[in-house]
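Single-structure report; data block below.
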Amino acid sequence: MTISHNAVYSFLKVRDQNRDRPSLFWEGLPEDICTSLMQQFSVLWTHGSTAIEGNTLTLGETARVLELGLTINGKPLKDHEEVYGHARAIDLIMGLLQKLRLDAEDLFNLHRCVMQKSPIDSLRPVGNWKREYNGTTGVQKGRPLYMEYASPNDTPKLMNRWLRECNRKLSTATTRNRALNVYAWIHMTFVRIHPFFDGNGRVARLIANLPLLKGGLPPLVISAEHRAAYLDCLWDYQNAVGIIRVTDRLLVPDSSLNTFKQFLRSEWNQSFELIESAHRQAAARGDGR
């Protein structure tokens, strides 16, 4: 393991007195309740995002790995490493809160975290754009259909455009509706390009939360239980708009995008419920504002 379980919650230390930093959604809570809340988010976020990609650790097992550093008997070492890597990636996201602009290296660092134990392959680099074609298979009208993402040659130029537009949107999540639109834009355009050979979904679900956190809102966590509905949203949009070329619009309007936003809104409710529960706990013992 390249990271100890004692290090995976270092993002909790961002509760400093720097007046220039953005407001954080846990402000006003006692430190112990805040710590518990952020640990809950880390476990839910990590479990959901890794399980969507096939990780076999349950929610409870993920919590025990992150909080106690346990090794779960009968579960692959790879699954433990994925969990640690994702928790470290959350730490990186929290570290980006005070950064005004993202660059490619920020994305590469996130990719290195979520793919930290991948074998070295010159055609499938970790921490760099893909060098070979990738795609996904779905079903259309009862028949399997393979759909390619952006070509390796188009990817660097597309990601330069993506970064410019993403940076314009980072500080616009000032309300829930605006935040939801920004999350959907970042997430869907990133997976439409699919700039890495693998790990794109995990990076998309991480980076799309950055403007929400900058806006003082909690992360939007997609649960493993709703994996099928989530993947259907991505497939339906990709299938509707087709492969992206270097001069195409990054996000093409389509009714499937509205379906995706409705799905995201429903998933986000869990985050606000956790925060409300934390404030009720603080109020019950007289610690709330």
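Here, A, B, ... name the chains of the structure tokens in the order displayed, residue numbers run from 1 inside each chain, and ligands are numbered from 1 in the same displayed order.
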**Item:** Per-residue DSSP, segment 55-276 of chain A, filtered to alpha helix (DSSP H), as a PyMOL selection string
**Value:** chain A and resi 59-68+77-95+104-114+155-169+176-193+200-207+210-214+227-241+255-276
Please provide the set of residues having any atom within 12 Å of Asn73 of chain A, restricted to only C-alpha atoms, with same-chain residues fewer than 4 positions apart removed, written as a PDB file with C-alpha atoms, in the first residue's frame.
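See around-v1.pdb below for the written result:
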ATOM      1  CA  THR A  56     -16.116  -5.634  -4.533  1.00  0.00           C
ATOM      2  CA  LEU A  57     -15.695  -4.045  -1.090  1.00  0.00           C
ATOM      3  CA  GLU A  61     -15.734  -2.915   4.431  1.00  0.00           C
ATOM      4  CA  VAL A  65     -10.323  -0.152   5.373  1.00  0.00           C
ATOM      5  CA  LEU A  77      -5.513  -6.372  -2.735  1.00  0.00           C
ATOM      6  CA  ASP A  79      -9.751  -3.389  -4.298  1.00  0.00           C
ATOM      7  CA  HIS A  80      -8.052  -2.136  -1.129  1.00  0.00           C
TER       8      HIS A  80
END
Write out, as JSON lines, each residue of segment 17-128 of chain A that has an atom at most 10 Å from segment 259-282 of chain A, together with the closest pair of atoms and their distance in Å to one decimal, counting only C-alpha atoms, rows going by chain and rising number.
{"residue": "A:Phe25", "atom": "CA", "partner": "A:Ile275", "partner_atom": "CA", "distance": 8.2}
{"residue": "A:Trp26", "atom": "CA", "partner": "A:Ile275", "partner_atom": "CA", "distance": 7.6}
{"residue": "A:Gly28", "atom": "CA", "partner": "A:His279", "partner_atom": "CA", "distance": 8.6}
{"residue": "A:Leu29", "atom": "CA", "partner": "A:Ala282", "partner_atom": "CA", "distance": 6.8}
{"residue": "A:Pro30", "atom": "CA", "partner": "A:Ala282", "partner_atom": "CA", "distance": 7.1}
{"residue": "A:Asp32", "atom": "CA", "partner": "A:Ala282", "partner_atom": "CA", "distance": 9.9}
{"residue": "A:Ile33", "atom": "CA", "partner": "A:Ala278", "partner_atom": "CA", "distance": 6.6}
{"residue": "A:Cys34", "atom": "CA", "partner": "A:Ala278", "partner_atom": "CA", "distance": 7.8}
{"residue": "A:Ser36", "atom": "CA", "partner": "A:Ala278", "partner_atom": "CA", "distance": 8.8}
{"residue": "A:Leu37", "atom": "CA", "partner": "A:Ala278", "partner_atom": "CA", "distance": 6.9}
{"residue": "A:Met38", "atom": "CA", "partner": "A:Ile275", "partner_atom": "CA", "distance": 9.8}
{"residue": "A:Gln40", "atom": "CA", "partner": "A:Leu274", "partner_atom": "CA", "distance": 8.5}
{"residue": "A:Phe41", "atom": "CA", "partner": "A:Ser271", "partner_atom": "CA", "distance": 7.9}
{"residue": "A:Leu44", "atom": "CA", "partner": "A:Ser271", "partner_atom": "CA", "distance": 9.7}
**Message:** Quick one: residues within 12 Å of segment 144-154 of chain A, only C-alpha atoms, excluding same-chain residues fewer than 4 positions away - as a PyMOL selection string?
**Reply:** chain A and resi 123-124+128-140+158-161+189-198+200+234-248+250
**Request:** Choose the residue, out of A:Leu212, A:Val252, A:Leu100, A:Ala224, that has the smallest atom-to-atom separation from Arg178 of chain A; count only C-alpha atoms.
**Result:** A:Leu212
Using 12 Å as the limit and counting only C-alpha atoms, can you tabulate each residue of segment 191-231 of chain A that touches segment 86-92 of chain A, with its shortest atom-to-atom distance in Å and the two atoms involved, as a tab-separated table?
residue	atom	partner	partner_atom	distance
A:Gly199	CA	A:His86	CA	10.6
A:Gly201	CA	A:His86	CA	11.8
A:Arg202	CA	A:His86	CA	8.0
A:Val203	CA	A:Ala89	CA	8.6
A:Ala204	CA	A:Ala89	CA	11.6
A:Arg205	CA	A:Ile90	CA	10.4
A:Leu206	CA	A:Ile90	CA	7.1
A:Ile207	CA	A:Ile90	CA	9.4
A:Ala208	CA	A:Ile90	CA	11.8
A:Asn209	CA	A:Ile90	CA	9.8
A:Leu210	CA	A:Ile90	CA	9.9
A:Leu213	CA	A:Ile90	CA	11.3
A:Pro219	CA	A:Ile90	CA	10.4
